[in-house]
$ cat structure36.cif   # mmCIF, C-alpha atoms
data_run
loop_
_atom_site.label_atom_id
_atom_site.label_comp_id
_atom_site.auth_asym_id
_atom_site.auth_seq_id
_atom_site.Cartn_x
_atom_site.Cartn_y
_atom_site.Cartn_z
CA MET R 272 -7.21 17.24 8.22
CA THR R 273 -5.65 16.36 4.86
CA VAL R 274 -5.57 12.65 5.76
CA THR R 275 -7.99 10.77 7.99
CA LEU R 276 -8.37 7.27 9.39
CA GLU R 277 -11.83 5.75 9.75
CA VAL R 278 -12.46 2.20 10.94
CA SER R 279 -15.36 -0.15 10.18
CA ASP R 280 -15.60 -3.94 10.10
CA GLY R 281 -11.94 -4.25 11.07
CA VAL R 282 -10.87 -2.14 8.08
CA GLY R 283 -9.11 1.17 8.53
CA THR R 284 -9.56 3.53 5.60
CA ILE R 285 -6.72 6.02 5.24
CA ARG R 286 -8.39 8.74 3.20
CA LEU R 287 -6.55 11.52 1.41
CA ASP R 288 -8.63 14.70 1.43
CA ARG R 289 -6.80 17.69 0.00
CA PRO R 290 -8.92 19.04 -2.86
CA PRO R 291 -8.82 19.35 -5.72
CA MET R 292 -6.10 16.80 -6.58
CA ASN R 293 -4.84 15.45 -3.23
CA ALA R 294 -1.40 16.98 -3.81
CA LEU R 295 1.01 15.49 -1.30
CA ASP R 296 2.51 18.48 0.47
CA VAL R 297 4.77 18.20 3.52
CA ALA R 298 1.88 18.37 5.98
CA THR R 299 0.02 15.61 4.13
CA GLN R 300 3.13 13.43 4.02
CA ASP R 301 3.67 13.81 7.76
CA ARG R 302 0.02 13.11 8.53
CA LEU R 303 0.14 10.03 6.31
CA ARG R 304 3.05 8.68 8.34
CA GLU R 305 1.22 9.35 11.62
CA LEU R 306 -1.89 7.49 10.51
CA ALA R 307 0.09 4.59 9.04
CA GLU R 308 1.74 4.19 12.43
CA GLU R 309 -1.64 4.43 14.14
CA ALA R 310 -3.09 1.77 11.84
CA THR R 311 -0.11 -0.41 12.70
CA TRP R 312 -0.71 -0.48 16.46
CA ARG R 313 -4.50 -0.29 16.63
CA ASP R 314 -6.02 -3.69 17.40
CA ASP R 315 -9.34 -2.78 15.79
CA VAL R 316 -7.57 -2.23 12.46
CA ARG R 317 -6.91 -5.61 10.86
CA ALA R 318 -6.62 -4.45 7.25
CA VAL R 319 -6.22 -1.08 5.53
CA VAL R 320 -7.60 0.67 2.45
CA LEU R 321 -5.79 3.64 0.89
CA TYR R 322 -8.30 5.92 -0.82
CA GLY R 323 -8.29 9.37 -2.36
CA GLY R 324 -11.98 9.76 -3.06
CA GLU R 325 -14.23 9.19 -6.06
CA LYS R 326 -12.40 11.44 -8.54
CA VAL R 327 -8.67 11.23 -7.84
CA PHE R 328 -6.27 9.11 -5.82
CA ALA R 329 -3.38 11.58 -5.66
CA ALA R 330 -1.92 13.64 -8.49
CA GLY R 331 1.54 13.81 -6.96
CA ALA R 332 3.64 16.20 -4.93
CA ASP R 333 2.81 19.83 -4.31
CA ILE R 334 5.00 21.27 -7.08
CA LYS R 335 4.74 24.88 -5.90
CA GLU R 336 5.94 23.83 -2.45
CA MET R 337 8.79 21.81 -3.94
CA GLN R 338 9.81 24.60 -6.29
CA ALA R 339 10.63 26.77 -3.28
CA MET R 340 13.07 24.18 -1.92
CA ASP R 341 16.74 24.30 -2.75
CA HIS R 342 19.22 21.44 -2.55
CA ALA R 343 19.91 21.92 1.15
CA ALA R 344 16.21 21.93 1.99
CA MET R 345 15.55 18.75 0.03
CA VAL R 346 18.53 16.98 1.59
CA LEU R 347 16.80 17.55 4.92
CA ARG R 348 13.30 16.71 3.64
CA SER R 349 13.87 13.71 1.36
CA LYS R 350 14.37 11.21 4.20
CA ALA R 351 11.12 12.30 5.88
CA LEU R 352 9.36 12.00 2.52
CA GLN R 353 10.52 8.43 2.07
CA ASP R 354 9.79 7.60 5.70
CA SER R 355 6.16 8.61 5.26
CA PHE R 356 5.68 6.17 2.41
CA THR R 357 7.75 3.46 4.07
CA ALA R 358 5.48 3.70 7.11
CA VAL R 359 2.58 2.74 4.84
CA ALA R 360 4.53 -0.07 3.17
CA ARG R 361 5.44 -1.48 6.57
CA ILE R 362 1.95 -1.63 8.02
CA PRO R 363 2.04 -5.30 9.13
CA LYS R 364 -1.50 -5.92 7.90
CA PRO R 365 -3.04 -6.37 4.45
CA VAL R 366 -3.20 -3.04 2.60
CA VAL R 367 -5.17 -2.38 -0.59
CA ALA R 368 -5.04 0.80 -2.64
CA ALA R 369 -8.36 1.92 -4.12
CA VAL R 370 -7.25 3.97 -7.12
CA THR R 371 -9.57 6.33 -8.97
CA GLY R 372 -8.53 8.97 -11.46
CA TYR R 373 -4.95 10.16 -11.35
CA ALA R 374 -2.27 8.35 -9.36
CA LEU R 375 0.81 10.19 -10.53
CA GLY R 376 4.25 10.75 -9.05
CA GLY R 377 3.85 10.49 -5.29
CA GLY R 378 0.32 9.20 -5.82
CA CYS R 379 1.62 6.27 -7.83
CA GLU R 380 4.36 5.73 -5.26
CA LEU R 381 1.75 5.61 -2.50
CA ALA R 382 -0.23 2.97 -4.41
CA LEU R 383 2.99 0.97 -4.76
CA CYS R 384 3.17 0.77 -0.96
CA ALA R 385 0.01 -1.37 -0.89
CA ASP R 386 -0.12 -5.15 -1.13
CA PHE R 387 -2.89 -5.07 -3.72
CA ARG R 388 -4.17 -2.37 -6.08
CA ILE R 389 -7.75 -2.10 -7.32
CA ALA R 390 -8.08 0.56 -10.03
CA GLY R 391 -11.11 2.21 -11.53
CA ASP R 392 -11.54 2.11 -15.27
CA ASN R 393 -10.84 5.87 -15.20
CA ALA R 394 -7.45 5.49 -13.50
CA LYS R 395 -4.23 6.90 -14.93
CA LEU R 396 -0.94 6.02 -13.29
CA GLY R 397 2.61 7.17 -13.90
CA GLN R 398 5.89 8.56 -12.65
CA PRO R 399 6.20 11.91 -14.49
CA GLU R 400 9.04 13.33 -12.38
CA ILE R 401 11.45 13.18 -15.33
CA LEU R 402 9.38 15.94 -16.97
CA LEU R 403 10.40 18.19 -14.05
CA GLY R 404 14.06 17.28 -14.40
CA LEU R 405 13.80 14.91 -11.45
CA ILE R 406 13.40 11.23 -10.62
CA PRO R 407 10.89 9.63 -8.25
CA GLY R 408 11.94 10.30 -4.66
CA ALA R 409 9.38 8.46 -2.52
CA GLY R 410 10.31 4.93 -3.49
CA GLY R 411 9.27 4.87 -7.14
CA THR R 412 12.59 3.74 -8.59
CA GLN R 413 12.71 0.87 -6.11
CA ARG R 414 9.15 -0.36 -5.55
CA LEU R 415 8.06 0.04 -9.16
CA ALA R 416 11.01 -1.99 -10.49
CA ARG R 417 10.36 -4.72 -7.94
CA LEU R 418 6.69 -4.86 -8.90
CA VAL R 419 6.75 -4.72 -12.71
CA GLY R 420 10.42 -5.45 -13.50
CA PRO R 421 13.22 -3.04 -14.40
CA ALA R 422 12.42 -2.65 -18.11
CA LYS R 423 8.79 -1.61 -17.60
CA ALA R 424 9.77 0.58 -14.67
CA LYS R 425 12.39 2.37 -16.78
CA ASP R 426 9.83 2.87 -19.54
CA LEU R 427 7.54 4.74 -17.15
CA ILE R 428 10.30 6.59 -15.31
CA PHE R 429 12.35 7.56 -18.39
CA THR R 430 9.36 8.82 -20.40
CA GLY R 431 7.12 10.13 -17.64
CA ARG R 432 4.12 8.84 -19.57
CA HIS R 433 0.78 7.99 -18.02
CA VAL R 434 -0.76 4.54 -18.41
CA ARG R 435 -4.47 3.88 -18.36
CA ALA R 436 -6.00 1.22 -16.16
CA GLU R 437 -5.99 -1.61 -18.70
CA GLU R 438 -2.33 -1.13 -19.60
CA ALA R 439 -1.49 -0.87 -15.91
CA LEU R 440 -3.26 -4.20 -15.41
CA THR R 441 -1.38 -5.82 -18.28
CA MET R 442 2.01 -4.73 -16.95
CA GLY R 443 1.16 -5.75 -13.37
CA LEU R 444 1.05 -2.24 -11.96
CA VAL R 445 -2.52 -2.83 -10.74
CA ASP R 446 -4.19 -6.12 -9.86
CA ARG R 447 -7.82 -5.53 -10.78
CA VAL R 448 -9.76 -3.02 -12.87
CA VAL R 449 -13.39 -2.30 -12.00
CA PRO R 450 -15.93 0.44 -12.80
CA ALA R 451 -14.80 3.64 -11.10
CA ALA R 452 -17.94 3.81 -8.97
CA GLU R 453 -17.15 0.40 -7.46
CA VAL R 454 -13.50 0.92 -6.56
CA TYR R 455 -13.88 1.70 -2.87
CA GLU R 456 -16.63 -0.86 -2.32
CA GLN R 457 -14.54 -3.65 -3.82
CA ALA R 458 -11.37 -2.56 -2.03
CA HIS R 459 -13.17 -2.46 1.30
CA ALA R 460 -14.74 -5.87 0.67
CA TRP R 461 -11.32 -7.38 -0.12
CA ALA R 462 -9.84 -5.85 3.02
CA ALA R 463 -12.83 -6.85 5.17
CA LYS R 464 -12.49 -10.46 4.08
CA LEU R 465 -8.83 -10.53 5.09
CA ALA R 466 -9.64 -8.69 8.33
CA LYS R 467 -11.48 -11.83 9.43
CA GLY R 468 -8.39 -13.97 8.89
CA PRO R 469 -5.62 -14.95 11.33
CA ALA R 470 -3.86 -11.66 12.10
CA LEU R 471 -0.51 -13.13 13.10
CA ALA R 472 -0.34 -15.47 10.12
CA LEU R 473 -1.18 -12.61 7.75
CA ARG R 474 1.50 -10.49 9.37
CA ALA R 475 3.98 -13.34 9.03
CA ALA R 476 3.07 -13.90 5.38
CA LYS R 477 3.55 -10.22 4.53
CA GLU R 478 6.86 -10.02 6.38
CA ALA R 479 8.17 -13.22 4.80
CA VAL R 480 7.33 -12.11 1.27
CA ASP R 481 8.51 -8.51 1.64
CA ALA R 482 11.69 -9.26 3.57
CA GLY R 483 12.47 -12.24 1.35
CA LEU R 484 12.39 -10.06 -1.76
CA GLU R 485 15.16 -7.93 -0.30
CA THR R 486 17.61 -10.78 0.19
CA ASP R 487 18.95 -14.02 -1.27
CA ILE R 488 16.90 -17.22 -1.45
CA ASP R 489 18.63 -18.94 1.47
CA THR R 490 18.06 -16.01 3.80
CA GLY R 491 14.51 -15.75 2.53
CA LEU R 492 13.89 -19.39 3.35
CA THR R 493 15.28 -18.82 6.84
CA ILE R 494 12.84 -15.94 7.32
CA GLU R 495 9.99 -18.16 6.13
CA ARG R 496 11.04 -21.06 8.33
CA THR R 497 11.30 -18.87 11.42
CA TRP R 498 7.83 -17.40 10.95
CA PHE R 499 6.34 -20.79 10.02
CA ALA R 500 7.61 -22.47 13.17
CA GLY R 501 6.74 -19.47 15.33
CA LEU R 502 3.08 -19.62 14.31
CA PHE R 503 2.81 -23.01 15.98
CA ALA R 504 2.82 -21.10 19.27
CA THR R 505 -0.32 -19.11 18.39
CA GLU R 506 -3.97 -19.60 19.24
CA ASP R 507 -4.87 -18.92 15.62
CA ARG R 508 -2.88 -21.96 14.51
CA GLU R 509 -4.62 -24.11 17.11
CA ARG R 510 -8.02 -22.77 16.09
CA GLY R 511 -7.36 -23.19 12.37
CA MET R 512 -6.09 -26.76 12.61
CA ARG R 513 -8.79 -27.85 15.04
CA SER R 514 -11.48 -26.48 12.75
CA PHE R 515 -9.93 -28.24 9.76
CA VAL R 516 -9.90 -31.60 11.53
CA GLU R 517 -13.37 -31.27 13.04
CA GLU R 518 -15.28 -29.33 10.38
CA GLY R 519 -13.25 -29.47 7.16
CA PRO R 520 -11.22 -26.83 5.33
CA GLY R 521 -12.00 -23.12 5.22
CA LYS R 522 -14.42 -22.94 8.13
CA ALA R 523 -12.21 -21.60 10.92
CA LYS R 524 -13.25 -18.38 12.62
CA PHE R 525 -10.40 -16.29 13.98
CA LEU R 526 -10.60 -13.71 16.75
#
$ encode --input "structure36.cif" --output "structure tokens"
Amino acid sequence: MTVTLEVSDGVGTIRLDRPPMNALDVATQDRLRELAEEATWRDDVRAVVLYGGEKVFAAGADIKEMQAMDHAAMVLRSKALQDSFTAVARIPKPVVAAVTGYALGGGCELALCADFRIAGDNAKLGQPEILLGLIPGAGGTQRLARLVGPAKAKDLIFTGRHVRAEEALTMGLVDRVVPAAEVYEQAHAWAAKLAKGPALALRAAKEAVDAGLETDIDTGLTIERTWFAGLFATEDRERGMRSFVEEGPGKAKFL
């Protein structure tokens, strides 16, 4: 299998495993979508880590495979390509990307689908599609601009240049830089901590932020208000408030 899902401590690790560079061919894209959907419905998965291994996250698309496609073939394939990444972005649980080595093209776009990105000090990220006479096609023009702003996104997309971990941190492309050997450990620890939190409230928070970014402020506030009120019908809300009143803040244990 080019992509696997392993679960421990409430954390599902979606692992890319297509040596040597985790090139994202059609089969890998389709498998990624399948496992993102599985992570979505599995109750034992409460948070997710995206990981490519110790040496590389994903160096991008399989260029030889893409070279064989003409316009008609890509018209048919491009929606499925985007759907695979969107399935990851829409996992209604906290998702952290553990980025080591190269995260280029589709690899960078996959990291953009996460809620949080922990990069190794050896990481290099970028959208080099312009060097092939193309543009990003798996969400890069949209998610990157929303994350770092249009000017920085255009810099990366127009030039195709790679950025090292520290520059990626400065521009907001990653959220934390750690020694490469600690990337997965820290990503799993972050996810495991959130996996112990209130699942419905975390889902609501992610939906409110993500959906709100796609609309105007008034509609965003309506989305927030609807989720906020709805959580008053949950056991987690009862448990959290009861613990606060009886034991003080931050001591609630959620199922």
$ closest_residue --input "structure36.cif" --among "R:Gly411, R:Pro365, R:Gly323, R:Gly431" --to "Ala390 of chain R" --atoms "all atoms listed in the file"
R:Gly323
$ closest_residue --input "structure36.cif" --among "R:Glu308, R:Glu478, R:Glu336, R:Glu400" --to "Thr357 of chain R" --atoms "all atoms listed in the file"
R:Glu308
$ resolve_selection --input "structure36.cif" --expression "the PyMOL selection byres ((chain R and resi 337) around 12)" --output "ChimeraX atom specification"
/R:294-297,331-336,338-342,344-345,348-349,352,400,403,405,408
$ atom_distance --input "structure36.cif" --atom1 "atom CA of Ala500 of chain R" --atom2 "atom CA of Val366 of chain R"
24.6 Å
$ atom_distance --input "structure36.cif" --atom1 "atom CA of Phe515 of chain R" --atom2 "atom CA of Lys467 of chain R"
16.5 Å
$ resolve_selection --input "structure36.cif" --expression "the PyMOL selection byres ((chain R and resi 480-491) around 12)" --output "number ranges by chain"
R: 360-363, 384-386, 413-414, 416-418, 473-479, 492-498
$ decode --input "structure36.cif" --residues "segment 353-372 of chain R" --atoms "N, CA and C atoms" --output "tab-separated table (two decimals), in the first residue's frame"
chain	number	residue	atom	x	y	z
R	353	GLN	N	-8.25	16.95	-6.88
R	353	GLN	CA	-8.66	17.90	-5.86
R	353	GLN	C	-9.51	17.24	-4.78
R	354	ASP	N	-10.37	16.31	-5.18
R	354	ASP	CA	-11.23	15.63	-4.20
R	354	ASP	C	-10.42	14.85	-3.18
R	355	SER	N	-9.30	14.28	-3.60
R	355	SER	CA	-8.46	13.53	-2.67
R	355	SER	C	-7.92	14.43	-1.57
R	356	PHE	N	-7.46	15.61	-1.96
R	356	PHE	CA	-6.92	16.54	-0.98
R	356	PHE	C	-8.03	17.17	-0.14
R	357	THR	N	-9.14	17.46	-0.77
R	357	THR	CA	-10.27	18.03	-0.04
R	357	THR	C	-10.78	17.06	1.01
R	358	ALA	N	-10.73	15.77	0.73
R	358	ALA	CA	-11.14	14.78	1.72
R	358	ALA	C	-10.29	14.87	2.97
R	359	VAL	N	-9.00	15.17	2.81
R	359	VAL	CA	-8.12	15.36	3.96
R	359	VAL	C	-8.47	16.65	4.69
R	360	ALA	N	-8.66	17.72	3.93
R	360	ALA	CA	-8.97	19.02	4.54
R	360	ALA	C	-10.29	18.98	5.30
R	361	ARG	N	-11.19	18.12	4.90
R	361	ARG	CA	-12.51	18.06	5.53
R	361	ARG	C	-12.65	16.98	6.59
R	362	ILE	N	-11.56	16.35	6.96
R	362	ILE	CA	-11.63	15.45	8.12
R	362	ILE	C	-12.09	16.30	9.31
R	363	PRO	N	-13.21	15.97	9.94
R	363	PRO	CA	-13.77	16.86	10.97
R	363	PRO	C	-13.12	16.67	12.34
R	364	LYS	N	-11.83	16.49	12.33
R	364	LYS	CA	-11.04	16.25	13.54
R	364	LYS	C	-9.73	17.01	13.38
R	365	PRO	N	-9.04	17.29	14.47
R	365	PRO	CA	-7.75	17.98	14.34
R	365	PRO	C	-6.77	17.18	13.49
R	366	VAL	N	-6.10	17.86	12.57
R	366	VAL	CA	-5.13	17.21	11.67
R	366	VAL	C	-3.83	18.00	11.73
R	367	VAL	N	-2.72	17.29	11.96
R	367	VAL	CA	-1.41	17.93	11.97
R	367	VAL	C	-0.52	17.25	10.93
R	368	ALA	N	0.18	18.06	10.15
R	368	ALA	CA	1.14	17.53	9.19
R	368	ALA	C	2.51	17.50	9.83
R	369	ALA	N	3.17	16.36	9.77
R	369	ALA	CA	4.53	16.19	10.28
R	369	ALA	C	5.45	16.19	9.07
R	370	VAL	N	6.12	17.31	8.83
R	370	VAL	CA	6.83	17.54	7.57
R	370	VAL	C	8.34	17.39	7.75
R	371	THR	N	8.91	16.40	7.08
R	371	THR	CA	10.35	16.24	7.03
R	371	THR	C	10.79	16.32	5.57
R	372	GLY	N	11.98	16.84	5.34
R	372	GLY	CA	12.51	16.88	3.99
R	372	GLY	C	11.64	17.68	3.05
